>>> print(open('work15.cif').read())   # mmCIF, C-alpha atoms
data_coords
loop_
_atom_site.label_atom_id
_atom_site.label_comp_id
_atom_site.auth_asym_id
_atom_site.auth_seq_id
_atom_site.Cartn_x
_atom_site.Cartn_y
_atom_site.Cartn_z
CA MET A 28 18.74 49.63 84.64
CA LEU A 29 21.02 51.19 87.20
CA ASN A 30 24.05 49.07 86.54
CA SER A 31 23.90 49.29 82.78
CA THR A 32 24.92 52.05 80.39
CA ALA A 33 22.35 54.32 78.81
CA PRO A 34 20.11 52.44 76.38
CA LEU A 35 20.69 53.53 72.81
CA ALA A 36 16.99 54.10 72.26
CA ASP A 37 17.25 57.04 74.61
CA THR A 38 20.30 58.51 72.95
CA GLY A 39 18.91 58.54 69.43
CA LEU A 40 21.94 56.58 68.15
CA PRO A 41 21.87 53.61 65.83
CA SER A 42 22.26 50.23 67.43
CA ILE A 43 25.03 47.79 66.54
CA LYS A 44 24.17 44.18 65.82
CA ALA A 45 25.92 41.78 68.15
CA GLY A 46 25.65 38.77 65.88
CA LYS A 47 23.48 37.05 63.30
CA VAL A 48 19.73 37.43 63.52
CA GLY A 49 18.18 34.59 65.49
CA LYS A 50 21.06 34.14 67.88
CA PRO A 51 20.23 34.82 71.51
CA PRO A 52 21.76 38.17 72.53
CA VAL A 53 24.14 36.75 75.14
CA GLN A 54 26.80 39.39 75.79
CA SER A 55 29.24 40.09 78.57
CA VAL A 56 29.26 43.57 80.11
CA GLY A 57 32.54 44.31 78.30
CA GLU A 58 31.11 43.29 74.93
CA ALA A 59 28.01 45.38 75.48
CA GLU A 60 30.18 48.35 76.40
CA ASN A 61 32.27 47.85 73.26
CA LEU A 62 29.16 47.75 71.09
CA ASP A 63 27.91 50.87 72.82
CA ASP A 64 31.27 52.58 72.15
CA LEU A 65 31.01 51.56 68.51
CA ALA A 66 27.50 52.97 68.25
CA HIS A 67 28.54 56.28 69.80
CA GLY A 68 31.80 56.58 67.90
CA GLN A 69 30.61 55.45 64.47
CA VAL A 70 29.86 59.03 63.50
CA VAL A 71 33.49 60.02 64.28
CA LEU A 72 34.69 57.28 61.92
CA VAL A 73 32.30 58.42 59.21
CA THR A 74 33.36 62.06 59.60
CA ALA A 75 37.05 61.15 59.48
CA ARG A 76 36.43 59.15 56.30
CA TRP A 77 34.57 62.07 54.67
CA ILE A 78 37.54 64.29 55.46
CA LEU A 79 39.80 61.70 53.83
CA VAL A 80 37.54 61.33 50.77
CA ILE A 81 36.82 65.00 50.11
CA SER A 82 40.33 66.31 50.70
CA SER A 83 42.04 63.52 48.76
CA LEU A 84 39.62 63.99 45.84
CA CYS A 85 40.48 67.72 45.76
CA PHE A 86 44.22 66.99 45.92
CA VAL A 87 44.03 64.31 43.25
CA LEU A 88 42.20 66.63 40.86
CA TRP A 89 44.42 69.62 41.63
CA HIS A 90 47.67 69.15 39.72
CA PRO A 91 46.96 65.50 38.80
CA GLU A 92 49.53 62.70 38.56
CA ALA A 93 50.16 60.52 35.48
CA ILE A 94 46.98 59.05 33.96
CA ASN A 95 47.40 55.50 35.31
CA THR A 96 48.16 56.70 38.84
CA LEU A 97 45.25 59.10 38.61
CA ARG A 98 42.88 56.30 37.57
CA ILE A 99 43.87 54.15 40.56
CA GLN A 100 43.57 57.13 42.93
CA ILE A 101 40.10 58.05 41.68
CA ILE A 102 38.85 54.44 41.83
CA LEU A 103 40.09 54.09 45.44
CA ILE A 104 38.56 57.39 46.52
CA LEU A 105 35.19 56.66 44.88
CA CYS A 106 35.06 53.20 46.47
CA LEU A 107 35.70 54.76 49.87
CA ALA A 108 33.06 57.42 49.19
CA ILE A 109 30.42 54.81 48.29
CA ALA A 110 31.22 52.70 51.36
CA ASN A 111 31.10 55.76 53.57
CA PHE A 112 27.84 56.92 52.08
CA TYR A 113 26.33 53.54 52.99
CA LEU A 114 27.66 53.76 56.55
CA HIS A 115 26.57 57.37 56.94
CA ALA A 116 23.09 56.46 55.68
CA GLN A 117 22.88 53.74 58.34
CA VAL A 118 23.80 56.30 61.02
CA LEU A 119 21.24 58.78 59.74
CA MET A 120 18.49 56.16 59.52
CA LYS A 121 19.47 54.88 63.00
CA ARG A 122 19.80 51.40 61.55
CA SER A 123 22.01 48.72 63.01
CA VAL A 124 25.39 47.87 61.49
CA LEU A 125 27.45 44.76 62.11
CA PRO A 126 30.67 45.57 64.00
CA GLN A 127 32.56 43.54 61.39
CA VAL A 128 31.41 46.00 58.71
CA ILE A 129 32.77 48.92 60.73
CA TYR A 130 36.08 47.12 61.27
CA ALA A 131 36.28 46.25 57.59
CA ALA A 132 35.66 49.88 56.61
CA SER A 133 38.57 51.00 58.80
CA ILE A 134 40.80 48.33 57.28
CA CYS A 135 39.79 49.65 53.83
CA ASP A 136 40.79 53.18 54.91
CA LEU A 137 44.24 51.97 55.91
CA ILE A 138 44.61 49.90 52.73
CA ALA A 139 43.56 52.87 50.58
CA ILE A 140 46.05 55.23 52.26
CA THR A 141 48.83 52.63 52.07
CA SER A 142 48.11 51.99 48.38
CA VAL A 143 48.12 55.68 47.47
CA VAL A 144 51.36 56.17 49.41
CA ALA A 145 52.86 53.19 47.57
CA ILE A 146 51.97 54.47 44.10
CA GLU A 147 53.30 57.93 44.96
CA ASP A 148 56.87 56.76 45.73
CA SER A 149 56.23 55.69 49.35
CA PHE A 150 58.78 57.59 51.37
CA HIS A 151 58.46 60.84 49.42
CA SER A 152 54.68 60.75 49.34
CA ASN A 153 52.97 63.30 51.56
CA THR A 154 49.71 61.31 51.61
CA PHE A 155 50.86 59.48 54.75
CA VAL A 156 49.46 62.42 56.78
CA PHE A 157 45.99 60.92 56.23
CA TYR A 158 46.96 58.02 58.48
CA PHE A 159 46.71 60.33 61.50
CA PRO A 160 42.97 61.18 61.38
CA ALA A 161 42.15 57.59 60.37
CA ILE A 162 44.11 56.14 63.31
CA MET A 163 42.66 58.65 65.73
CA ALA A 164 39.08 57.89 64.63
CA TYR A 165 39.25 54.11 65.08
CA SER A 166 41.37 54.31 68.25
CA VAL A 167 38.67 56.12 70.20
CA VAL A 168 36.01 53.69 69.01
CA PHE A 169 37.56 50.23 68.90
CA ALA A 170 38.69 48.06 71.80
CA PRO A 171 42.38 48.58 72.77
CA ARG A 172 43.42 45.16 71.42
CA LEU A 173 41.95 45.87 67.99
CA THR A 174 43.46 49.35 68.00
CA ALA A 175 46.88 47.88 68.77
CA MET A 176 46.48 45.33 65.98
CA PHE A 177 45.32 47.87 63.38
CA THR A 178 47.99 50.42 64.31
CA GLY A 179 50.71 47.79 64.44
CA CYS A 180 49.78 46.58 60.95
CA ALA A 181 49.47 50.11 59.53
CA SER A 182 52.82 51.20 61.00
CA ALA A 183 54.57 48.02 59.91
CA PHE A 184 53.20 48.21 56.36
CA TYR A 185 54.08 51.89 56.09
CA ALA A 186 57.62 51.38 57.40
CA LEU A 187 58.09 48.38 55.10
CA GLU A 188 56.90 50.16 51.99
CA CYS A 189 59.16 53.12 52.80
CA VAL A 190 62.16 50.85 53.25
CA LEU A 191 61.39 48.93 50.06
CA THR A 192 61.41 52.10 47.96
CA GLY A 193 64.61 52.65 46.04
CA SER A 194 65.21 56.23 47.11
CA PHE A 195 64.97 55.36 50.79
CA TRP A 196 68.55 54.28 51.55
CA VAL A 197 70.17 57.53 50.42
CA GLY A 198 71.23 58.56 53.91
CA GLN A 199 70.77 57.84 57.59
CA ALA A 200 68.31 60.70 58.00
CA ASN A 201 65.57 58.84 56.11
CA VAL A 202 65.47 56.22 58.86
CA GLN A 203 65.02 59.03 61.39
CA VAL A 204 62.12 60.46 59.42
CA VAL A 205 60.34 57.11 59.13
CA PHE A 206 60.98 56.52 62.84
CA ALA A 207 59.42 59.89 63.70
CA ARG A 208 56.39 59.25 61.46
CA VAL A 209 55.74 55.77 62.84
CA LEU A 210 56.26 56.92 66.43
CA MET A 211 53.68 59.67 65.92
CA MET A 212 51.21 57.16 64.44
CA VAL A 213 51.64 54.98 67.53
CA ALA A 214 51.37 58.08 69.75
CA ILE A 215 48.02 59.02 68.20
CA ALA A 216 46.68 55.49 68.80
CA VAL A 217 47.95 55.42 72.40
CA LEU A 218 46.59 58.88 73.27
CA SER A 219 43.19 58.15 71.75
CA THR A 220 42.97 54.83 73.59
CA VAL A 221 44.02 56.46 76.88
CA PHE A 222 41.34 59.11 76.45
CA ALA A 223 38.67 56.55 75.56
CA ASN A 224 39.66 54.54 78.66
CA ILE A 225 39.47 57.62 80.89
CA GLU A 226 35.95 58.29 79.61
CA HIS A 227 35.02 54.64 80.16
CA GLU A 228 36.33 54.73 83.75
CA ARG A 229 34.49 57.96 84.45
CA ARG A 230 31.23 56.40 83.35
CA GLU A 231 31.94 53.27 85.42
CA GLU A 232 32.81 55.34 88.47
CA ALA A 233 29.66 57.42 88.12
CA ASN A 234 27.66 54.18 87.90
CA ALA A 235 29.35 52.67 90.94
CA SER A 236 28.91 55.72 93.16
CA ARG A 237 25.31 56.06 92.11
CA GLU A 238 24.66 52.41 92.89
CA ALA A 239 26.38 52.69 96.27
CA LEU A 240 24.23 55.69 97.12
CA ILE A 241 21.02 53.95 96.09
CA SER A 242 21.87 50.79 98.02
CA GLU A 243 22.67 52.90 101.10
CA LEU A 244 19.35 54.71 100.76
CA GLY A 245 17.61 51.38 100.31
CA LYS A 246 19.20 50.00 103.49
CA ARG A 247 18.16 53.05 105.48
CA ALA A 248 14.62 52.90 104.15
CA ASP A 249 14.56 49.21 104.95
CA ALA A 250 15.64 49.85 108.54
CA GLU A 251 12.95 52.47 108.96
CA THR A 252 10.16 50.35 107.43
CA PRO A 253 8.06 48.21 109.84
CA ALA A 254 8.65 44.42 109.62
CA ASP A 255 5.21 43.50 108.17
CA GLU A 256 5.63 46.09 105.38
CA ARG A 257 9.05 44.59 104.55
CA VAL A 258 7.41 41.16 104.19
CA ILE A 259 4.81 42.64 101.81
CA VAL A 260 7.57 44.33 99.74
CA ARG A 261 9.60 41.10 99.59
CA GLU A 262 6.54 39.14 98.47
CA ALA A 263 5.86 41.72 95.78
CA GLN A 264 9.49 41.51 94.63
CA ALA A 265 9.36 37.70 94.56
CA GLU A 266 6.18 37.83 92.50
CA ARG A 267 7.77 40.25 90.05
CA ASN A 268 10.81 38.00 89.74
CA MET B 283 15.82 67.15 91.27
CA GLN B 284 18.01 69.98 90.12
CA THR B 285 21.52 69.38 88.92
CA THR B 286 24.25 71.07 90.97
CA ARG B 287 27.02 70.69 88.37
CA THR B 288 27.67 73.85 86.42
CA VAL B 289 29.25 74.01 82.97
CA GLU B 290 32.47 75.33 84.55
CA GLN B 291 32.59 72.36 86.92
CA ALA B 292 32.12 69.98 84.01
CA TYR B 293 35.01 71.68 82.15
CA ALA B 294 37.17 71.50 85.28
CA GLU B 295 36.40 67.77 85.61
CA ASP B 296 37.31 67.18 81.97
CA ILE B 297 40.63 68.93 82.53
CA PHE B 298 41.22 67.12 85.82
CA PHE B 299 40.70 63.67 84.32
CA GLY B 300 41.92 64.29 80.79
CA GLN B 301 45.21 66.10 81.34
CA VAL B 302 47.13 62.84 81.46
CA VAL B 303 46.53 62.65 77.70
CA ILE B 304 48.46 65.92 77.24
CA ILE B 305 51.19 64.59 79.54
CA TRP B 306 51.47 61.39 77.50
CA ALA B 307 51.56 63.38 74.27
CA ARG B 308 54.50 65.31 75.69
CA TRP B 309 56.25 62.06 76.71
CA PHE B 310 56.03 60.95 73.09
CA LEU B 311 57.49 64.27 71.96
CA ILE B 312 60.30 63.89 74.50
CA LEU B 313 60.98 60.30 73.40
CA ALA B 314 61.17 61.38 69.77
CA GLY B 315 63.38 64.33 70.76
CA VAL B 316 65.84 62.21 72.76
CA VAL B 317 66.15 59.57 70.02
CA LEU B 318 66.61 62.18 67.28
CA VAL B 319 69.16 64.20 69.29
CA LEU B 320 71.25 61.10 70.05
CA TRP B 321 70.96 60.01 66.43
CA SER B 322 71.51 63.30 64.61
CA PHE B 323 74.54 64.95 66.16
CA ASN B 324 78.13 63.82 65.86
CA GLU B 325 79.81 66.51 67.98
CA SER B 326 79.43 66.42 71.76
CA GLN B 327 78.90 70.16 72.14
CA GLN B 328 76.08 70.20 69.57
CA LEU B 329 74.50 67.17 71.22
CA VAL B 330 74.59 68.79 74.67
CA LEU B 331 73.09 72.00 73.33
CA ALA B 332 70.30 70.15 71.54
CA LEU B 333 69.60 67.97 74.57
CA LEU B 334 69.14 70.89 77.01
CA PRO B 335 65.63 71.91 75.85
CA VAL B 336 64.58 68.24 75.86
CA ILE B 337 65.77 67.91 79.47
CA ALA B 338 63.88 71.08 80.42
CA LEU B 339 60.75 69.66 78.82
CA MET B 340 61.29 66.37 80.66
CA ALA B 341 61.62 68.17 84.01
CA MET B 342 58.38 70.05 83.34
CA ASN B 343 56.56 66.86 82.38
CA PHE B 344 57.88 64.96 85.44
CA TYR B 345 56.49 67.76 87.60
CA LEU B 346 53.09 67.70 85.86
CA HIS B 347 52.87 63.92 85.83
CA GLY B 348 53.89 63.76 89.51
CA ARG B 349 51.17 66.23 90.41
CA TYR B 350 48.65 64.20 88.46
CA ILE B 351 49.69 60.99 90.25
CA VAL B 352 49.26 62.57 93.70
CA GLN B 353 45.80 63.79 92.65
CA LYS B 354 46.86 67.45 92.43
CA PRO B 355 46.66 68.03 88.69
CA ALA B 356 47.44 71.34 87.01
CA ASN B 357 44.71 73.89 86.50
CA GLN B 358 43.45 75.06 83.12
CA THR B 359 45.76 78.09 82.91
CA LEU B 360 48.92 76.11 83.61
CA LEU B 361 47.83 73.44 81.17
CA LEU B 362 47.11 76.07 78.54
CA VAL B 363 50.57 77.60 79.02
CA THR B 364 52.29 74.21 78.74
CA SER B 365 50.29 73.34 75.62
CA LEU B 366 51.26 76.64 74.01
CA LEU B 367 54.86 75.87 74.97
CA ASP B 368 54.56 72.49 73.21
CA ILE B 369 53.32 74.18 70.06
CA ALA B 370 56.13 76.75 70.28
CA ILE B 371 58.76 74.01 70.72
CA ILE B 372 57.42 72.00 67.77
CA THR B 373 57.39 75.15 65.63
CA ALA B 374 61.01 75.82 66.67
CA ILE B 375 61.92 72.23 65.72
CA VAL B 376 60.25 72.68 62.31
CA LEU B 377 62.11 75.93 61.82
CA LEU B 378 65.56 75.06 63.15
CA TRP B 379 66.08 71.29 63.32
CA PRO B 380 68.62 70.03 60.78
CA TYR B 381 67.31 67.40 58.36
CA GLN B 382 68.66 65.52 55.42
CA GLY B 383 68.80 67.52 52.20
CA GLN B 384 69.08 70.83 54.02
CA ALA B 385 71.77 73.07 52.59
CA GLN B 386 74.26 74.45 55.13
CA GLY B 387 72.72 77.43 56.93
CA MET B 388 69.57 77.30 54.78
CA LEU B 389 66.27 76.95 56.60
CA ASN B 390 63.35 75.36 54.82
CA PRO B 391 60.51 74.53 57.22
CA LEU B 392 58.29 73.25 54.43
CA GLN B 393 60.69 70.39 53.77
CA ASN B 394 61.36 69.70 57.43
CA PRO B 395 59.79 66.27 58.10
CA PHE B 396 59.33 66.82 61.84
CA PHE B 397 56.06 68.73 61.43
CA VAL B 398 54.47 65.34 62.37
CA PHE B 399 55.05 66.24 66.04
CA TYR B 400 52.09 68.64 65.80
CA TYR B 401 49.59 65.78 65.41
CA PRO B 402 49.71 64.16 68.89
CA ALA B 403 49.88 67.59 70.53
CA LEU B 404 46.76 68.71 68.67
CA VAL B 405 44.79 65.57 69.37
CA ALA B 406 45.65 65.76 73.09
CA VAL B 407 44.56 69.39 73.30
CA ALA B 408 41.31 68.60 71.49
CA PHE B 409 40.51 65.76 73.90
CA VAL B 410 41.09 67.80 77.05
CA PHE B 411 40.16 71.45 76.57
CA PRO B 412 36.64 72.83 76.05
CA ARG B 413 35.66 73.21 72.43
CA ARG B 414 36.44 76.90 71.99
CA MET B 415 39.83 76.62 73.66
CA ALA B 416 40.72 73.53 71.61
CA LEU B 417 39.79 75.27 68.39
CA ILE B 418 41.85 78.32 69.33
CA LEU B 419 44.90 76.15 70.11
CA THR B 420 44.47 74.24 66.84
CA LEU B 421 44.25 77.54 64.99
CA VAL B 422 47.39 78.79 66.77
CA ALA B 423 49.30 75.71 65.63
CA LEU B 424 48.03 76.04 62.05
CA ILE B 425 48.92 79.72 61.92
CA ALA B 426 52.34 79.10 63.49
CA TYR B 427 53.17 76.42 60.91
CA THR B 428 51.86 78.48 57.98
CA VAL B 429 53.71 81.61 59.10
CA VAL B 430 56.95 79.68 59.57
CA CYS B 431 56.58 78.25 56.05
CA LEU B 432 55.70 81.61 54.51
CA VAL B 433 58.26 83.75 56.30
CA VAL B 434 61.41 81.77 55.51
CA THR B 435 62.63 82.69 52.03
CA GLN B 436 63.44 79.13 50.89
CA SER B 437 59.95 77.83 51.67
CA GLN B 438 58.38 80.97 50.30
CA GLN B 439 60.14 80.55 46.97
CA LEU B 440 59.22 76.88 46.84
CA LEU B 441 55.57 77.64 47.56
CA GLY B 442 55.50 80.36 44.93
CA ALA B 443 57.03 78.23 42.19
CA ASP B 444 55.88 74.68 42.81
CA PRO B 445 52.17 73.68 42.92
CA GLU B 446 53.17 70.35 44.50
CA SER B 447 54.53 72.26 47.50
CA GLN B 448 51.31 74.24 47.82
CA LYS B 449 49.39 70.99 47.71
CA MET B 450 51.69 69.49 50.34
CA LEU B 451 51.23 72.43 52.72
CA LEU B 452 47.47 72.36 52.31
CA GLN B 453 47.37 68.59 52.91
CA ARG B 454 49.28 69.02 56.15
CA LEU B 455 47.10 71.91 57.32
CA ILE B 456 43.88 70.04 56.54
CA THR B 457 44.96 66.91 58.41
CA MET B 458 46.16 68.99 61.37
CA ALA B 459 42.81 70.79 61.46
CA ALA B 460 41.07 67.41 61.16
CA MET B 461 42.89 66.17 64.28
CA GLY B 462 41.67 69.15 66.29
CA GLY B 463 38.17 68.96 64.83
CA LEU B 464 37.69 65.22 65.26
CA GLY B 465 39.15 65.27 68.78
CA THR B 466 36.74 68.03 69.82
CA TYR B 467 33.85 66.23 68.14
CA TYR B 468 34.57 63.04 70.08
CA TRP B 469 34.99 65.04 73.32
CA ARG B 470 31.53 66.51 72.74
CA ILE B 471 30.01 63.10 72.01
CA MET B 472 31.44 61.79 75.30
CA ARG B 473 30.03 64.73 77.22
CA ASP B 474 26.60 64.24 75.70
CA ARG B 475 26.82 60.54 76.50
CA ARG B 476 27.53 61.26 80.16
CA ALA B 477 24.78 63.86 80.28
CA VAL B 478 22.23 61.41 78.83
CA GLN B 479 23.32 58.75 81.34
CA GLU B 480 22.90 61.16 84.24
CA LYS B 481 19.51 62.26 82.97
CA ILE B 482 18.26 58.68 82.67
CA ARG B 483 19.38 57.80 86.18
CA LYS B 484 17.72 60.86 87.65
#
>>> encode(input="work15.cif", output="structure tokens")
Amino acid sequence: MLNSTAPLADTGLPSIKAGKVGKPPVQSVGEAENLDDLAHGQVVLVTARWILVISSLCFVLWHPEAINTLRIQIILILCLAIANFYLHAQVLMKRSVLPQVIYAASICDLIAITSVVAIEDSFHSNTFVFYFPAIMAYSVVFAPRLTAMFTGCASAFYALECVLTGSFWVGQANVQVVFARVLMMVAIAVLSTVFANIEHERREEANASREALISELGKRADAETPADERVIVREAQAERN
Amino acid sequence: MQTTRTVEQAYAEDIFFGQVVIIWARWFLILAGVVLVLWSFNESQQLVLALLPVIALMAMNFYLHGRYIVQKPANQTLLLVTSLLDIAIITAIVLLWPYQGQAQGMLNPLQNPFFVFYYPALVAVAFVFPRRMALILTLVALIAYTVVCLVVTQSQQLLGADPESQKMLLQRLITMAAMGGLGTYYWRIMRDRRAVQEKIRK
């Protein structure tokens, strides 16, 4: 118990399934920590997605675009809302969710934002600002490698769709603007990952110092205990094992 | 067993460990600043003038990062001052930085694309400062950006006449607030997680 993180049953958080039912739960410490991070951070992802859904629904309905664009926007937003309702319900019912489902939901967020940006004349669309909360939410929850992959793809797709828009190559300043936007997207991912790592290290350090203290106390108690009592304790430990 | 850590100590620890996030956010701002200065200006005098505040910011961040590396990080007040300075610098960029499409001598902060610099600054502040302080700083940034957009005549006229511009401003403000809110929310989750861990071990 001492060298593991807090069990989720004690935290009141939903658990995350490590694999298919029936498979033995063989996990490395790193994997377990990642699943724990996912369980704790899932609510941040859900909240970020609600912000995306509610605000984009308001903006779509306020001064709407052309009918075809509007249809696509509403379909995307409603799909996101339904998916998020499902995920939020799982959190509220403290039911387990496959990590792949959480990853897929974040990919859907990025695809939805990228699609809306694309149909709103990419570079001139202001919807790109929704990338920032989405990136921040998954960066604090996912492992650094996944965060790098997701952010790399999102930045690359955004930059590409901006460049492929006709009105992009009007002047040099557009490249500067896209550079600034992409750099800030990367910055958000880096900062969130750095913070998540700091928190992870703090927990590890607290664990290590606690363990060191307990082992020191154990040694002292051992030295002060008479030899025959130590034999009895060892026998009891062996029996338990 | 009674806990000896007070709430103030927990805040101080969060600032001690977390301030590197604010430092990194500033490095990103500096990187963007250097690239944009070298890219934007064609006359040497203009370039030198624009580069001076970036160099000052760099010197400040070297000092803060150096202190962090030698385990003597800045205290909450100094960190608060530097964060406010970041917000002030970003607001000045939004107000004064030349951008494509800007008429000579005409300021229009609403159309200035460099408002994106607020986002990393806000997320860093939300991760490091206690909740109330983070919310105040987020509010300061939101108010600064709104005021800058409302005070300058060009933006004011645009906001009054064009619903798309109103929508754009609101979108930016909502996402900026979301960064502060989500960052603080995650910070709180992490604190609760540590508290639960400590409780279980005790």
>>> closest_residue(input="work15.cif", among="A:Ala175, A:Ala248, A:Val143, A:Val209", to="chain B", atoms="all atoms listed in the file")
A:Val209
>>> residues_around(input="work15.cif", residues="Ala75 (chain A)", least_positions_apart="5", cutoff="12 Å", atoms="only C-alpha atoms", output="PyMOL selection string")
(chain A and resi 68-70+80-82+107-108+111+115+132-133+136+157-167) or (chain B and resi 456-457+459-465+467-468)
>>> resolve_selection(input="work15.cif", expression="the PyMOL selection byres ((chain B) within 6 of (chain A))", output="list of chain:residue names")
B:Val303, B:Gln382, B:Pro402, B:Met461, B:Gln479
>>> resolve_selection(input="work15.cif", expression="the PyMOL selection byres ((chain B and resi 297) around 10)", output="count of residues only")
22
>>> resolve_selection(input="work15.cif", expression="the PyMOL selection byres ((chain B and resi 325-336) around 10)", output="number ranges by chain")
B: 311-316, 318-324, 337-342, 371, 379
>>> atom_distance(input="work15.cif", atom1="CA of Leu244 (chain A)", atom2="CA of Glu232 (chain A)")
18.2 Å
>>> atom_distance(input="work15.cif", atom1="CA of Pro391 (chain B)", atom2="CA of Val434 (chain B)")
7.5 Å
>>> atom_distance(input="work15.cif", atom1="CA of Ser142 (chain A)", atom2="CA of Leu88 (chain A)")
17.5 Å
>>> closest_residue(input="work15.cif", among="B:Asn390, B:Lys481, B:Ala423, B:Ala408", to="Ala370 (chain B)", atoms="all atoms listed in the file")
B:Ala423
>>> decode(input="work15.cif", residues="region 294-308 of chain B", atoms="N, CA, C and O atoms", output="PDB file, in the first residue's frame")
ATOM      1  N   ALA B 294       2.460  28.002  -0.357  1.00  0.00           N
ATOM      2  CA  ALA B 294       3.870  28.341  -0.587  1.00  0.00           C
ATOM      3  C   ALA B 294       4.578  27.216  -1.342  1.00  0.00           C
ATOM      4  O   ALA B 294       5.380  27.475  -2.241  1.00  0.00           O
ATOM      5  N   GLU B 295       4.241  25.969  -0.989  1.00  0.00           N
ATOM      6  CA  GLU B 295       4.831  24.816  -1.701  1.00  0.00           C
ATOM      7  C   GLU B 295       4.407  24.805  -3.156  1.00  0.00           C
ATOM      8  O   GLU B 295       5.222  24.561  -4.052  1.00  0.00           O
ATOM      9  N   ASP B 296       3.120  25.082  -3.396  1.00  0.00           N
ATOM     10  CA  ASP B 296       2.623  25.112  -4.786  1.00  0.00           C
ATOM     11  C   ASP B 296       3.369  26.168  -5.590  1.00  0.00           C
ATOM     12  O   ASP B 296       3.711  25.943  -6.750  1.00  0.00           O
ATOM     13  N   ILE B 297       3.617  27.308  -4.974  1.00  0.00           N
ATOM     14  CA  ILE B 297       4.323  28.387  -5.680  1.00  0.00           C
ATOM     15  C   ILE B 297       5.790  28.027  -5.869  1.00  0.00           C
ATOM     16  O   ILE B 297       6.364  28.251  -6.929  1.00  0.00           O
ATOM     17  N   PHE B 298       6.372  27.413  -4.845  1.00  0.00           N
ATOM     18  CA  PHE B 298       7.780  26.989  -4.914  1.00  0.00           C
ATOM     19  C   PHE B 298       7.994  26.024  -6.082  1.00  0.00           C
ATOM     20  O   PHE B 298       8.876  26.202  -6.908  1.00  0.00           O
ATOM     21  N   PHE B 299       7.149  24.996  -6.148  1.00  0.00           N
ATOM     22  CA  PHE B 299       7.347  23.967  -7.177  1.00  0.00           C
ATOM     23  C   PHE B 299       6.816  24.404  -8.543  1.00  0.00           C
ATOM     24  O   PHE B 299       7.374  24.043  -9.570  1.00  0.00           O
ATOM     25  N   GLY B 300       5.714  25.155  -8.521  1.00  0.00           N
ATOM     26  CA  GLY B 300       5.032  25.424  -9.792  1.00  0.00           C
ATOM     27  C   GLY B 300       5.545  26.609 -10.578  1.00  0.00           C
ATOM     28  O   GLY B 300       5.237  26.735 -11.759  1.00  0.00           O
ATOM     29  N   GLN B 301       6.352  27.465  -9.959  1.00  0.00           N
ATOM     30  CA  GLN B 301       6.687  28.722 -10.646  1.00  0.00           C
ATOM     31  C   GLN B 301       7.476  28.542 -11.929  1.00  0.00           C
ATOM     32  O   GLN B 301       7.501  29.438 -12.772  1.00  0.00           O
ATOM     33  N   VAL B 302       8.065  27.371 -12.103  1.00  0.00           N
ATOM     34  CA  VAL B 302       8.788  27.118 -13.349  1.00  0.00           C
ATOM     35  C   VAL B 302       7.824  27.130 -14.549  1.00  0.00           C
ATOM     36  O   VAL B 302       8.227  27.451 -15.675  1.00  0.00           O
ATOM     37  N   VAL B 303       6.553  26.852 -14.279  1.00  0.00           N
ATOM     38  CA  VAL B 303       5.555  26.899 -15.366  1.00  0.00           C
ATOM     39  C   VAL B 303       5.396  28.349 -15.852  1.00  0.00           C
ATOM     40  O   VAL B 303       5.341  28.607 -17.055  1.00  0.00           O
ATOM     41  N   ILE B 304       5.365  29.283 -14.898  1.00  0.00           N
ATOM     42  CA  ILE B 304       5.258  30.705 -15.273  1.00  0.00           C
ATOM     43  C   ILE B 304       6.520  31.128 -16.029  1.00  0.00           C
ATOM     44  O   ILE B 304       6.447  31.869 -17.023  1.00  0.00           O
ATOM     45  N   ILE B 305       7.662  30.642 -15.562  1.00  0.00           N
ATOM     46  CA  ILE B 305       8.933  30.988 -16.224  1.00  0.00           C
ATOM     47  C   ILE B 305       8.939  30.466 -17.661  1.00  0.00           C
ATOM     48  O   ILE B 305       9.309  31.180 -18.593  1.00  0.00           O
ATOM     49  N   TRP B 306       8.470  29.227 -17.835  1.00  0.00           N
ATOM     50  CA  TRP B 306       8.429  28.660 -19.198  1.00  0.00           C
ATOM     51  C   TRP B 306       7.439  29.397 -20.085  1.00  0.00           C
ATOM     52  O   TRP B 306       7.684  29.584 -21.280  1.00  0.00           O
ATOM     53  N   ALA B 307       6.319  29.807 -19.484  1.00  0.00           N
ATOM     54  CA  ALA B 307       5.328  30.586 -20.262  1.00  0.00           C
ATOM     55  C   ALA B 307       5.969  31.866 -20.763  1.00  0.00           C
ATOM     56  O   ALA B 307       5.772  32.283 -21.914  1.00  0.00           O
ATOM     57  N   ARG B 308       6.787  32.487 -19.901  1.00  0.00           N
ATOM     58  CA  ARG B 308       7.457  33.732 -20.303  1.00  0.00           C
ATOM     59  C   ARG B 308       8.510  33.461 -21.378  1.00  0.00           C
ATOM     60  O   ARG B 308       8.691  34.275 -22.281  1.00  0.00           O
TER      61      ARG B 308
END
